[in-house]
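File shown here: work-v7.cif, holding mmCIF, C-alpha atoms.
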```cif
data_run
#
loop_
_atom_site.label_atom_id
_atom_site.label_comp_id
_atom_site.auth_asym_id
_atom_site.auth_seq_id
_atom_site.Cartn_x
_atom_site.Cartn_y
_atom_site.Cartn_z
CA MET B 1 -19.51 8.13 13.99
CA GLU B 2 -18.94 4.39 13.70
CA ARG B 3 -20.70 2.13 11.24
CA ASN B 4 -19.40 -1.11 12.78
CA PRO B 5 -18.98 -0.69 16.53
CA THR B 6 -18.10 -4.34 16.97
CA VAL B 7 -14.96 -5.84 15.47
CA ARG B 8 -15.78 -8.20 12.63
CA ARG B 9 -13.57 -11.25 12.53
CA PRO B 10 -12.55 -12.87 9.26
CA ARG B 11 -14.55 -15.94 8.37
CA VAL B 12 -12.73 -19.00 7.09
CA THR B 13 -15.47 -21.48 6.20
CA SER B 14 -15.65 -20.81 2.46
CA VAL B 15 -11.90 -20.33 2.19
CA LEU B 16 -11.36 -23.77 3.70
CA ALA B 17 -13.92 -25.19 1.31
CA SER B 18 -11.96 -23.69 -1.57
CA VAL B 19 -8.78 -25.29 -0.29
CA ALA B 20 -10.53 -28.63 -0.16
CA ALA B 21 -11.64 -28.18 -3.75
CA VAL B 22 -8.07 -27.49 -4.85
CA LEU B 23 -6.92 -30.66 -3.11
CA LEU B 24 -9.54 -32.73 -4.91
CA VAL B 25 -8.59 -31.34 -8.31
CA ALA B 26 -4.82 -30.99 -8.03
CA GLY B 27 -4.21 -33.53 -5.38
CA CYS B 28 10.40 -7.51 4.85
CA SER B 29 12.27 -5.63 7.46
CA SER B 30 10.46 -2.93 9.40
CA ASP B 31 10.58 0.67 8.20
CA GLY B 32 14.20 0.89 9.23
CA ASP B 33 15.59 -1.50 8.09
CA SER B 34 -1.95 -17.93 4.77
CA ILE B 35 -2.54 -19.73 7.24
CA THR B 36 -0.84 -22.63 5.51
CA ARG B 37 -3.91 -24.83 5.65
CA PRO B 38 -3.46 -28.50 4.77
CA GLY B 39 -2.96 -28.62 1.02
CA GLY B 40 -1.66 -25.08 0.62
CA ARG B 41 -3.41 -22.47 -1.49
CA SER B 42 -7.09 -21.75 -1.68
CA SER B 43 -8.83 -21.53 -5.01
CA ALA B 44 -9.59 -18.10 -6.44
CA PRO B 45 -11.00 -16.37 -9.48
CA SER B 46 -8.68 -16.54 -12.50
CA LYS B 47 -9.08 -12.82 -13.14
CA PRO B 48 -8.30 -9.92 -10.82
CA ASP B 49 -11.62 -8.50 -9.67
CA GLY B 50 -10.64 -5.11 -11.02
CA GLY B 51 -10.67 -6.56 -14.54
CA GLY B 52 -7.85 -7.28 -16.95
CA SER B 53 -6.11 -10.44 -18.01
CA PRO B 54 -5.60 -13.52 -15.82
CA SER B 55 -2.27 -13.45 -14.05
CA GLY B 56 0.45 -14.78 -16.32
CA ALA B 57 -1.53 -14.13 -19.51
CA PRO B 58 -0.69 -10.71 -20.94
CA SER B 59 -3.30 -9.13 -23.16
CA PRO B 60 -2.47 -8.96 -26.88
CA THR B 61 -1.88 -5.22 -26.62
CA GLU B 62 0.75 -5.47 -23.88
CA SER B 63 4.32 -4.75 -24.83
CA ALA B 64 7.48 -4.95 -22.81
CA ALA B 65 8.81 -1.84 -21.12
CA PRO B 66 12.34 -0.85 -22.14
CA ALA B 67 15.04 -2.62 -20.17
CA LYS B 68 16.57 0.72 -19.16
CA GLY B 69 14.71 3.79 -18.01
CA SER B 70 15.48 7.21 -16.62
CA VAL B 71 14.43 9.54 -13.82
CA LYS B 72 14.72 13.30 -13.73
CA VAL B 73 13.76 15.43 -10.73
CA VAL B 74 12.08 18.36 -12.41
CA ARG B 75 10.83 20.15 -9.31
CA THR B 76 10.77 20.23 -5.54
CA LEU B 77 7.10 20.96 -4.88
CA THR B 78 7.33 21.61 -1.14
CA THR B 79 9.69 21.10 1.80
CA LYS B 80 9.73 20.98 5.59
CA LEU B 81 7.04 18.34 5.97
CA ASP B 82 6.59 16.61 9.33
CA SER B 83 6.65 12.78 9.17
CA PRO B 84 4.80 12.55 5.82
CA TRP B 85 3.26 9.15 5.11
CA GLY B 86 0.12 8.92 2.96
CA LEU B 87 -0.09 10.76 -0.36
CA ALA B 88 -3.29 11.05 -2.40
CA PRO B 89 -3.89 13.15 -5.54
CA LEU B 90 -7.10 15.16 -5.66
CA PRO B 91 -9.09 15.70 -8.86
CA GLY B 92 -7.44 18.66 -10.51
CA GLY B 93 -3.93 17.68 -9.45
CA ASP B 94 -3.43 18.99 -5.92
CA LEU B 95 -2.19 16.53 -3.30
CA LEU B 96 -3.24 15.46 0.17
CA VAL B 97 -0.45 14.33 2.49
CA SER B 98 -0.76 12.88 5.99
CA SER B 99 1.55 13.58 8.91
CA ARG B 100 2.05 10.31 10.77
CA ASP B 101 3.09 11.80 14.09
CA THR B 102 0.78 14.85 14.31
CA GLY B 103 -2.38 13.28 12.88
CA LYS B 104 -2.83 16.21 10.50
CA ILE B 105 -3.69 16.23 6.79
CA PHE B 106 -2.41 18.95 4.48
CA LYS B 107 -3.32 19.97 0.95
CA ILE B 108 -0.36 20.83 -1.26
CA SER B 109 -1.01 22.99 -4.29
CA ALA B 110 0.40 21.31 -7.39
CA ASP B 111 0.98 24.75 -8.92
CA THR B 112 2.63 26.67 -6.08
CA GLY B 113 3.53 24.06 -3.44
CA LYS B 114 1.55 26.02 -0.86
CA LYS B 115 0.64 23.95 2.22
CA THR B 116 -2.85 24.31 3.69
CA GLU B 117 -3.86 22.40 6.79
CA VAL B 118 -7.05 20.54 6.01
CA GLY B 119 -7.64 19.24 9.53
CA SER B 120 -6.68 16.61 12.10
CA VAL B 121 -7.93 13.05 12.42
CA PRO B 122 -9.15 12.49 15.99
CA GLY B 123 -8.02 9.41 17.89
CA VAL B 124 -4.61 8.99 16.25
CA SER B 125 -2.09 7.35 18.58
CA ALA B 126 1.37 7.90 17.13
CA ALA B 127 4.09 5.62 18.48
CA GLY B 128 6.82 3.68 16.73
CA GLU B 129 5.65 3.01 13.18
CA GLY B 130 2.02 3.76 14.06
CA GLY B 131 0.05 6.95 13.60
CA LEU B 132 -1.80 8.56 10.71
CA LEU B 133 -0.74 6.44 7.75
CA GLY B 134 -2.40 5.93 4.37
CA LEU B 135 -4.81 8.25 2.58
CA ALA B 136 -7.18 7.60 -0.31
CA VAL B 137 -9.66 9.75 -2.17
CA SER B 138 -13.04 8.22 -3.00
CA SER B 139 -13.53 6.93 -6.54
CA ASP B 140 -16.66 9.11 -6.54
CA PHE B 141 -15.00 12.13 -4.96
CA GLY B 142 -16.76 14.56 -7.30
CA ALA B 143 -20.09 13.45 -5.81
CA ASP B 144 -19.31 12.48 -2.21
CA HIS B 145 -16.11 14.48 -1.37
CA MET B 146 -14.90 11.62 0.82
CA VAL B 147 -11.31 11.21 2.03
CA TYR B 148 -10.32 7.88 3.62
CA ALA B 149 -7.57 7.48 6.23
CA TYR B 150 -5.88 4.45 7.82
CA PHE B 151 -4.50 5.12 11.30
CA THR B 152 -3.40 3.67 14.61
CA THR B 153 -5.47 4.18 17.76
CA ASP B 154 -4.78 3.14 21.35
CA SER B 155 -6.32 -0.27 20.60
CA ASP B 156 -6.06 -1.07 16.88
CA ASN B 157 -5.54 0.14 13.34
CA ARG B 158 -8.69 1.29 11.55
CA ILE B 159 -10.06 3.03 8.49
CA VAL B 160 -12.30 6.08 8.58
CA ARG B 161 -13.81 8.36 5.97
CA MET B 162 -14.44 12.08 6.26
CA VAL B 163 -16.19 14.65 4.10
CA TYR B 164 -13.67 17.17 2.79
CA ASP B 165 -14.96 20.73 2.26
CA ASP B 166 -12.27 23.10 1.03
CA LYS B 167 -14.68 26.03 1.31
CA ARG B 168 -14.40 25.89 5.09
CA PRO B 169 -11.58 27.65 7.00
CA ALA B 170 -8.13 26.06 6.91
CA GLY B 171 -7.72 23.45 9.64
CA ASP B 172 -11.47 22.83 9.79
CA GLN B 173 -12.17 21.27 6.40
CA LEU B 174 -12.75 17.67 7.52
CA GLY B 175 -16.09 16.40 8.73
CA ALA B 176 -16.52 14.01 11.64
CA PRO B 177 -14.85 10.64 10.93
CA ASP B 178 -17.08 7.72 10.05
CA THR B 179 -15.35 4.48 11.08
CA ILE B 180 -15.91 1.98 8.29
CA PHE B 181 -13.51 -0.73 9.47
CA LYS B 182 -11.60 -1.51 12.67
CA GLY B 183 -9.90 -4.35 14.49
CA ILE B 184 -6.69 -4.47 12.46
CA PRO B 185 -3.88 -5.42 14.89
CA LYS B 186 -1.57 -2.61 15.97
CA GLY B 187 2.01 -2.72 17.12
CA THR B 188 5.09 -0.62 17.62
CA ILE B 189 6.13 -2.05 14.25
CA HIS B 190 4.44 -3.53 11.17
CA ASN B 191 1.18 -1.61 11.02
CA GLY B 192 0.90 -1.76 7.24
CA GLY B 193 -1.20 1.26 6.38
CA ARG B 194 -1.44 1.72 2.62
CA ILE B 195 -4.99 2.12 1.29
CA ALA B 196 -6.11 2.65 -2.31
CA PHE B 197 -9.20 2.41 -4.45
CA GLY B 198 -8.86 -0.09 -7.28
CA PRO B 199 -10.19 0.08 -10.85
CA ASP B 200 -13.23 -1.80 -9.50
CA LYS B 201 -13.97 1.09 -7.07
CA MET B 202 -13.35 -1.21 -4.12
CA LEU B 203 -11.08 -0.15 -1.25
CA TYR B 204 -7.91 -2.17 -0.68
CA ALA B 205 -5.78 -2.05 2.48
CA GLY B 206 -2.34 -3.49 3.18
CA THR B 207 -1.88 -4.55 6.80
CA GLY B 208 1.04 -5.75 8.89
CA GLU B 209 1.28 -8.56 11.41
CA SER B 210 2.17 -6.01 14.14
CA GLY B 211 5.30 -7.94 15.11
CA ASP B 212 3.30 -11.09 15.90
CA ARG B 213 4.39 -13.38 13.06
CA GLY B 214 1.65 -15.94 13.50
CA LEU B 215 -1.09 -13.46 12.64
CA ALA B 216 -0.07 -13.50 8.97
CA GLN B 217 -1.17 -17.15 8.73
CA ASP B 218 -4.12 -16.77 11.14
CA MET B 219 -7.37 -16.45 9.21
CA ASP B 220 -9.05 -15.18 12.38
CA SER B 221 -6.91 -12.04 12.26
CA PHE B 222 -6.81 -9.06 9.90
CA GLY B 223 -3.04 -8.77 10.45
CA GLY B 224 -0.60 -9.63 7.67
CA LYS B 225 -3.26 -9.45 4.95
CA ILE B 226 -4.43 -7.49 1.96
CA LEU B 227 -8.06 -6.56 2.57
CA ARG B 228 -10.65 -5.74 -0.07
CA MET B 229 -13.88 -4.02 0.94
CA THR B 230 -16.66 -1.83 -0.34
CA PRO B 231 -16.46 1.93 0.31
CA ASP B 232 -18.71 1.23 3.32
CA GLY B 233 -16.26 -1.30 4.80
CA GLU B 234 -18.21 -4.45 3.92
CA PRO B 235 -16.73 -7.56 2.20
CA ALA B 236 -16.43 -6.75 -1.48
CA PRO B 237 -18.28 -8.78 -4.11
CA ARG B 238 -16.30 -11.75 -5.49
CA ASN B 239 -13.88 -11.89 -2.57
CA PRO B 240 -12.41 -15.38 -2.03
CA ASP B 241 -14.72 -15.71 0.99
CA ALA B 242 -17.94 -13.83 0.36
CA GLN B 243 -18.27 -13.11 4.09
CA SER B 244 -14.76 -11.78 4.63
CA VAL B 245 -12.69 -8.76 3.59
CA VAL B 246 -9.54 -10.93 3.46
CA TYR B 247 -8.22 -10.95 -0.10
CA THR B 248 -4.75 -12.49 0.39
CA TRP B 249 -2.72 -13.55 3.41
CA GLY B 250 0.76 -14.57 4.52
CA HIS B 251 2.13 -11.01 4.40
CA ARG B 252 4.63 -9.46 6.80
CA ASN B 253 4.06 -5.75 6.28
CA VAL B 254 2.40 -4.42 3.12
CA GLN B 255 2.93 -0.70 2.49
CA GLY B 256 2.67 -0.48 -1.30
CA LEU B 257 -0.36 -1.08 -3.55
CA ALA B 258 -0.70 -0.20 -7.25
CA TRP B 259 -2.46 -1.39 -10.41
CA ASP B 260 -0.81 -1.76 -13.79
CA ALA B 261 -2.28 -0.86 -17.18
CA ASP B 262 -4.10 -4.19 -17.35
CA LYS B 263 -5.61 -3.65 -13.89
CA ARG B 264 -3.44 -6.21 -12.11
CA LEU B 265 -2.78 -5.45 -8.46
CA TRP B 266 0.83 -5.29 -7.22
CA ALA B 267 2.13 -5.05 -3.65
CA SER B 268 5.49 -4.33 -2.04
CA GLU B 269 6.40 -6.04 1.19
CA PHE B 270 9.06 -5.71 3.86
CA GLY B 271 11.11 -8.79 4.48
CA GLN B 272 12.90 -9.41 7.76
CA ASP B 273 16.61 -10.04 7.38
CA THR B 274 16.72 -11.78 4.03
CA TRP B 275 14.40 -10.57 1.25
CA ASP B 276 12.03 -7.69 0.55
CA GLU B 277 9.43 -8.52 -2.09
CA LEU B 278 7.42 -7.29 -5.05
CA ASN B 279 4.35 -9.44 -5.70
CA PRO B 280 1.59 -9.53 -8.30
CA ILE B 281 -1.49 -10.17 -6.19
CA GLU B 282 -3.93 -12.99 -6.90
CA PRO B 283 -7.06 -13.30 -4.77
CA GLY B 284 -7.18 -16.11 -2.26
CA LYS B 285 -3.45 -16.83 -2.36
CA ASN B 286 -0.96 -17.29 0.48
CA TYR B 287 2.24 -15.23 0.20
CA GLY B 288 4.13 -17.27 2.72
CA TRP B 289 5.19 -15.22 5.74
CA PRO B 290 6.50 -16.40 8.17
CA GLU B 291 6.94 -19.86 6.62
CA VAL B 292 8.95 -18.47 3.71
CA GLU B 293 10.66 -15.19 2.84
CA GLY B 294 11.49 -14.31 -0.75
CA LYS B 295 11.68 -16.85 -3.57
CA ALA B 296 11.42 -20.24 -1.90
CA GLY B 297 9.70 -22.39 -4.52
CA LYS B 298 7.64 -24.01 -1.79
CA LYS B 299 4.33 -25.57 -2.71
CA GLY B 300 1.32 -23.70 -1.40
CA PHE B 301 2.96 -20.26 -1.35
CA VAL B 302 3.30 -17.55 -3.99
CA ASP B 303 6.85 -16.44 -4.75
CA PRO B 304 7.63 -12.78 -5.44
CA VAL B 305 8.67 -11.81 -8.96
CA GLU B 306 11.50 -9.66 -7.58
CA GLN B 307 13.36 -9.55 -4.28
CA TRP B 308 15.91 -7.28 -2.63
CA LYS B 309 18.14 -7.31 0.41
CA PRO B 310 16.53 -5.03 3.04
CA ASP B 311 19.59 -2.75 3.02
CA ASP B 312 18.88 -2.04 -0.64
CA ALA B 313 15.14 -1.49 -0.40
CA SER B 314 12.87 -1.79 2.67
CA PRO B 315 10.03 -0.77 0.36
CA SER B 316 7.05 1.38 1.15
CA GLY B 317 4.95 2.94 -1.63
CA ILE B 318 4.74 1.79 -5.25
CA ALA B 319 3.24 3.25 -8.42
CA PHE B 320 2.82 2.19 -12.04
CA ALA B 321 3.98 4.48 -14.85
CA LYS B 322 5.48 4.08 -18.33
CA GLY B 323 5.19 0.30 -18.27
CA SER B 324 7.09 -0.13 -15.00
CA ILE B 325 6.48 -0.47 -11.29
CA TRP B 326 8.30 2.25 -9.33
CA MET B 327 9.11 1.34 -5.73
CA ALA B 328 10.22 3.74 -2.98
CA GLY B 329 12.91 2.42 -0.64
CA LEU B 330 13.29 3.55 2.96
CA ARG B 331 16.48 2.00 4.25
CA GLY B 332 17.71 1.61 0.67
CA GLU B 333 17.15 5.35 -0.02
CA ARG B 334 16.47 4.50 -3.66
CA LEU B 335 13.66 4.59 -6.17
CA TRP B 336 13.56 1.25 -7.96
CA ARG B 337 12.23 0.79 -11.49
CA ILE B 338 10.93 -2.69 -12.37
CA PRO B 339 10.12 -2.89 -16.12
CA LEU B 340 7.28 -5.27 -16.96
CA LYS B 341 5.60 -7.24 -19.66
CA GLY B 342 2.33 -8.48 -18.26
CA ASP B 343 3.02 -9.75 -14.77
CA LYS B 344 6.70 -10.53 -15.36
CA PRO B 345 9.77 -8.30 -15.15
CA VAL B 346 11.67 -8.02 -18.43
CA ALA B 347 14.98 -6.81 -16.99
CA LYS B 348 16.75 -6.40 -13.68
CA PRO B 349 15.41 -3.69 -11.36
CA GLN B 350 17.12 -0.36 -11.90
CA PRO B 351 17.91 2.01 -8.97
CA PHE B 352 17.69 5.80 -9.05
CA LEU B 353 18.30 8.69 -6.63
CA ASP B 354 20.62 6.51 -4.54
CA GLY B 355 21.01 8.34 -1.21
CA LYS B 356 20.40 11.76 -2.73
CA TYR B 357 17.18 12.54 -0.86
CA GLY B 358 17.40 10.09 2.02
CA ARG B 359 14.57 7.72 2.86
CA LEU B 360 11.76 7.48 0.30
CA ARG B 361 8.22 6.76 1.49
CA SER B 362 5.35 7.30 -0.96
CA VAL B 363 5.19 7.42 -4.75
CA VAL B 364 2.07 8.04 -6.83
CA ALA B 365 1.45 8.41 -10.54
CA ALA B 366 0.56 11.81 -11.98
CA ASP B 367 -1.92 12.29 -14.81
CA ASP B 368 0.81 13.11 -17.34
CA GLY B 369 2.78 9.90 -16.73
CA GLY B 370 5.20 11.37 -14.22
CA LEU B 371 5.48 10.65 -10.51
CA TRP B 372 5.12 12.40 -7.17
CA LEU B 373 7.57 11.17 -4.53
CA THR B 374 7.78 11.91 -0.79
CA THR B 375 10.78 11.47 1.47
CA SER B 376 10.67 10.12 5.03
CA ASN B 377 13.61 11.52 6.99
CA THR B 378 11.59 12.74 10.00
CA ASP B 379 10.14 9.31 10.81
CA GLY B 380 12.59 8.56 13.62
CA ARG B 381 14.97 6.55 11.47
CA GLY B 382 16.19 9.19 9.07
CA LYS B 383 18.55 12.13 9.47
CA PRO B 384 16.31 15.21 9.51
CA GLY B 385 19.22 17.52 10.15
CA LYS B 386 20.77 16.40 6.89
CA GLN B 387 17.61 16.03 4.80
CA ASP B 388 14.23 17.60 5.51
CA ASP B 389 11.08 15.99 4.12
CA ARG B 390 9.76 17.09 0.78
CA ILE B 391 7.61 16.20 -2.21
CA LEU B 392 9.43 15.83 -5.52
CA ARG B 393 8.05 15.85 -9.03
CA LEU B 394 9.70 13.28 -11.30
CA GLU B 395 9.80 12.83 -15.03
CA VAL B 396 10.29 9.14 -15.77
CA ARG B 397 10.82 6.93 -18.79
#
```

So, in terms of structure tokens, how does the structure I just supplied come out?
Amino acid sequence: MERNPTVRRPRVTSVLASVAAVLLVAGCSSDGDSITRPGGRSSAPSKPDGGGSPSGAPSPTESAAPAKGSVKVVRTLTTKLDSPWGLAPLPGGDLLVSSRDTGKIFKISADTGKKTEVGSVPGVSAAGEGGLLGLAVSSDFGADHMVYAYFTTDSDNRIVRMVYDDKRPAGDQLGAPDTIFKGIPKGTIHNGGRIAFGPDKMLYAGTGESGDRGLAQDMDSFGGKILRMTPDGEPAPRNPDAQSVVYTWGHRNVQGLAWDADKRLWASEFGQDTWDELNPIEPGKNYGWPEVEGKAGKKGFVDPVEQWKPDDASPSGIAFAKGSIWMAGLRGERLWRIPLKGDKPVAKPQPFLDGKYGRLRSVVAADDGGLWLTTSNTDGRGKPGKQDDRILRLEVR
């Protein structure tokens, strides 16, 4: 069932008013591999809506992560996955994983690695980088048992939610999808797809510009944005524009979202030929694509805090653990560790697992401070004959 049968367009009126106020006061490659309004950035709240310290102002309790860390693969949880993409921990520790190309969702036992088909998401149109992408479990899962999915259809990318009942027979554990948001541009490339619930219990979604660069700076498009919405798909309270789900813009293809210990939002982003990016996210800001790529120092755009050549990264998922952001690289076939103090790196990014498991897609934090990591060798750009797709358990420091 669909809650919003008509596509809701972003509204720009209040965003433009914010830009005017600022003027008065102040005068990523594809998997393989704001509008700039006059005057630049729009104004925005000084604090992330999920709570925590203002960007650039670490809380008194924050300490720097060690310059050097370590990664140990302690277990291969499961193997022989088919085009895994989204990864979402369930209460109790088991995992849900989506299959991009088949439209199926599986539960993986954290104890035994046993795979159980939960069900299929109807309407998935898998082609190129599109298909069944991100998964998220409701912040109130214990009460509502809702699983959210971001996927590509014949006409768009959209977000649905489904009741998950593990007492039903395998393959038939998902209720009918309720479409909470649609109208995100689709393409053969750059569909974004990562969704996650923040500390504020709002749903965030990273989108791509679908190969049409101009959409990232087009405030009448949901492409090339980070969206923030209620669990029902409505504009979240305290968004930069109260009538819009658009949280930030000027993105090329966002596939990684994570919050640090002080509830700051971070995002990874594919560059084109020059620089992939890691960005701390501030509401209402313009992250530059396609006007700039990487650290440009250009007024009106937010520079990333770290950047990589696409051959070394092409980042998808990110997670926060042990004081660092951990970033999974597709083309780079590496897991990058970026140690932080507040919203600033304290040392150069450190690579791990270089080429050992092939392309790396999703990484999520476990309750004990470790990580779950999925590979992505059956996505059409990997070498499935050499490396199948698996979920790894990592111990990190």

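Distance annotation: of B:Glu395, B:Glu293, B:Asp311, B:Asp343, the residue with the minimal separation from Arg359 of chain B is B:Asp311; atom set is all atoms listed in the file.
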
Quiz item: Quick one: distance from atom CA of Arg228 of chain B to atom CA of Ala366 of chain B in Å, one decimal?
Solution: 24.0 Å

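With all atoms listed in the file as the basis for measurement, B:Trp275 is the residue among B:Phe352, B:Trp275, B:Phe270, B:Trp259 that approaches Lys309 of chain B most closely.
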
Using the chain letters and numbering of this document, enumerate as an mmCIF file with C-alpha atoms, keeping the file's coordinate frame the residues selected by the PyMOL selection byres ((chain B and resi 109) around 12).
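Heads up, here's the output in selection-v5.cif:
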```cif
data_model
loop_
_atom_site.group_PDB
_atom_site.id
_atom_site.type_symbol
_atom_site.label_atom_id
_atom_site.label_comp_id
_atom_site.auth_asym_id
_atom_site.auth_seq_id
_atom_site.Cartn_x
_atom_site.Cartn_y
_atom_site.Cartn_z
ATOM 1 C CA LEU B 77 7.100 20.960 -4.880
ATOM 2 C CA THR B 78 7.330 21.610 -1.140
ATOM 3 C CA PRO B 89 -3.890 13.150 -5.540
ATOM 4 C CA LEU B 90 -7.100 15.160 -5.660
ATOM 5 C CA PRO B 91 -9.090 15.700 -8.860
ATOM 6 C CA GLY B 92 -7.440 18.660 -10.510
ATOM 7 C CA GLY B 93 -3.930 17.680 -9.450
ATOM 8 C CA ASP B 94 -3.430 18.990 -5.920
ATOM 9 C CA LEU B 95 -2.190 16.530 -3.300
ATOM 10 C CA LEU B 96 -3.240 15.460 0.170
ATOM 11 C CA VAL B 97 -0.450 14.330 2.490
ATOM 12 C CA PHE B 106 -2.410 18.950 4.480
ATOM 13 C CA LYS B 107 -3.320 19.970 0.950
ATOM 14 C CA ILE B 108 -0.360 20.830 -1.260
ATOM 15 C CA ALA B 110 0.400 21.310 -7.390
ATOM 16 C CA ASP B 111 0.980 24.750 -8.920
ATOM 17 C CA THR B 112 2.630 26.670 -6.080
ATOM 18 C CA GLY B 113 3.530 24.060 -3.440
ATOM 19 C CA LYS B 114 1.550 26.020 -0.860
ATOM 20 C CA LYS B 115 0.640 23.950 2.220
ATOM 21 C CA THR B 116 -2.850 24.310 3.690
ATOM 22 C CA GLU B 117 -3.860 22.400 6.790
ATOM 23 C CA ILE B 391 7.610 16.200 -2.210
#
```

Selection near Asp232 of chain B, 10 Å with all atoms listed in the file, sequence-local residues under 6 positions removed, as a PDB file with C-alpha atoms, in the frame of the given file:
```
ATOM      1  CA  ARG B   3     -20.700   2.130  11.240  1.00  0.00           C
ATOM      2  CA  ASN B   4     -19.400  -1.110  12.780  1.00  0.00           C
ATOM      3  CA  VAL B 160     -12.300   6.080   8.580  1.00  0.00           C
ATOM      4  CA  ARG B 161     -13.810   8.360   5.970  1.00  0.00           C
ATOM      5  CA  ASP B 178     -17.080   7.720  10.050  1.00  0.00           C
ATOM      6  CA  THR B 179     -15.350   4.480  11.080  1.00  0.00           C
ATOM      7  CA  ILE B 180     -15.910   1.980   8.290  1.00  0.00           C
ATOM      8  CA  PHE B 181     -13.510  -0.730   9.470  1.00  0.00           C
ATOM      9  CA  MET B 202     -13.350  -1.210  -4.120  1.00  0.00           C
ATOM     10  CA  LEU B 203     -11.080  -0.150  -1.250  1.00  0.00           C
TER      11      LEU B 203
END
```

Exercise. Check what the PyMOL selection byres ((chain B and resi 147) around 9) selects in the file above and give those residues as a PyMOL selection string.
Key: chain B and resi 135-138+141+145-146+148-149+160-164+174

Give me the segment 135-178 of chain B side of the contact with segment 183-199 of chain B, cut-off 7 Å, one line per residue showing its nearest atom pair and distance in Å at one decimal, counting all atoms listed in the file, sorted by chain and residue number, as JSON lines.
```
{"residue": "B:Leu135", "atom": "CA", "partner": "B:Ile195", "partner_atom": "CA", "distance": 6.3}
{"residue": "B:Ala136", "atom": "CA", "partner": "B:Ala196", "partner_atom": "CA", "distance": 5.4}
{"residue": "B:Ser139", "atom": "CA", "partner": "B:Phe197", "partner_atom": "CA", "distance": 6.6}
{"residue": "B:Tyr150", "atom": "CA", "partner": "B:Gly193", "partner_atom": "CA", "distance": 5.8}
{"residue": "B:Thr152", "atom": "CA", "partner": "B:Lys186", "partner_atom": "CA", "distance": 6.7}
{"residue": "B:Asp156", "atom": "CA", "partner": "B:Lys186", "partner_atom": "CA", "distance": 4.8}
{"residue": "B:Asn157", "atom": "CA", "partner": "B:Ile184", "partner_atom": "CA", "distance": 4.8}
{"residue": "B:Arg158", "atom": "CA", "partner": "B:Ile184", "partner_atom": "CA", "distance": 6.2}
```

Self-check item: Atomic separation - atom CA of Val121 of chain B relative to atom CA of Asp379 of chain B, Å
Solution: 18.5 Å

Quiz item: For Leu278 of chain B, which of B:Pro345, B:Gly332, B:Pro235, B:Gly123 is the closest residue, counting only C-alpha atoms?
Solution: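 Nearest candidate to Leu278 of chain B out of B:Pro345, B:Gly332, B:Pro235, B:Gly123: B:Pro345.
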
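Around Ala347 of chain B, within 10 Å and counting all atoms listed in the file, the residues found are Ala64, Ala65, Pro66, Ala67, Lys68, Arg337, Ile338, Pro339, Leu340, Lys341, Lys344, Pro345, Pro349 and Gln350 of chain B, once anything fewer than 2 positions away on its own chain is removed.
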
Quiz prompt | Resolved residues for the PyMOL selection byres ((chain B and resi 305) around 12) as a PyMOL selection string | solution = chain B and resi 56+266-269+275-281+287+294-297+302-304+306-308+325+338-340+342-349

Practice problem: Give me, please, the distance in Å between atom CA of Ser70 of chain B and atom CA of Trp372 of chain B, quoted to one decimal. | Solution: 15.0 Å

Contacts of segment 245-339 of chain B with segment 206-216 of chain B up to 12 Å, shortest pair per row, only C-alpha atoms, as a Markdown table:
```
| residue | atom | partner | partner_atom | distance |
| --- | --- | --- | --- | --- |
| B:Val245 | CA | B:Gly206 | CA | 11.6 |
| B:Val246 | CA | B:Gly206 | CA | 10.4 |
| B:Tyr247 | CA | B:Gly206 | CA | 10.0 |
| B:Thr248 | CA | B:Gly206 | CA | 9.7 |
| B:Trp249 | CA | B:Ala216 | CA | 6.2 |
| B:Gly250 | CA | B:Ala216 | CA | 4.7 |
| B:His251 | CA | B:Ala216 | CA | 5.7 |
| B:Arg252 | CA | B:Gly208 | CA | 5.6 |
| B:Asn253 | CA | B:Gly208 | CA | 4.0 |
| B:Val254 | CA | B:Gly206 | CA | 4.8 |
| B:Gln255 | CA | B:Gly206 | CA | 6.0 |
| B:Gly256 | CA | B:Gly206 | CA | 7.4 |
| B:Leu257 | CA | B:Gly206 | CA | 7.4 |
| B:Ala258 | CA | B:Gly206 | CA | 11.1 |
| B:Leu265 | CA | B:Gly206 | CA | 11.8 |
| B:Trp266 | CA | B:Gly206 | CA | 11.0 |
| B:Ala267 | CA | B:Gly206 | CA | 8.3 |
| B:Ser268 | CA | B:Gly206 | CA | 9.4 |
| B:Glu269 | CA | B:Gly206 | CA | 9.3 |
| B:Phe270 | CA | B:Gly208 | CA | 9.5 |
| B:Gly271 | CA | B:Gly208 | CA | 11.4 |
| B:Gln272 | CA | B:Gly211 | CA | 10.7 |
| B:Ile281 | CA | B:Gly206 | CA | 11.5 |
| B:Asn286 | CA | B:Ala216 | CA | 9.3 |
| B:Tyr287 | CA | B:Ala216 | CA | 9.2 |
| B:Gly288 | CA | B:Ala216 | CA | 8.4 |
| B:Trp289 | CA | B:Ala216 | CA | 6.4 |
| B:Pro290 | CA | B:Arg213 | CA | 6.1 |
| B:Glu291 | CA | B:Arg213 | CA | 9.5 |
| B:Val292 | CA | B:Ala216 | CA | 11.6 |
| B:Ser316 | CA | B:Gly206 | CA | 10.8 |
| B:Gly317 | CA | B:Gly206 | CA | 10.8 |
```

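For the set B:Gly323, B:Gly175, B:Pro384, B:Gly223, the residue with the smallest atom-to-atom gap to Gly370 of chain B is B:Gly323, counting only C-alpha atoms.
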
Quiz item: Pick from B:Lys322, B:Gly355, B:Gly380, B:Ile105: nearest to Ala170 of chain B, with all atoms listed in the file counted?
Solution: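 Checking each of B:Lys322, B:Gly355, B:Gly380, B:Ile105 against Ala170 of chain B, counting all atoms listed in the file, the winner is B:Ile105.
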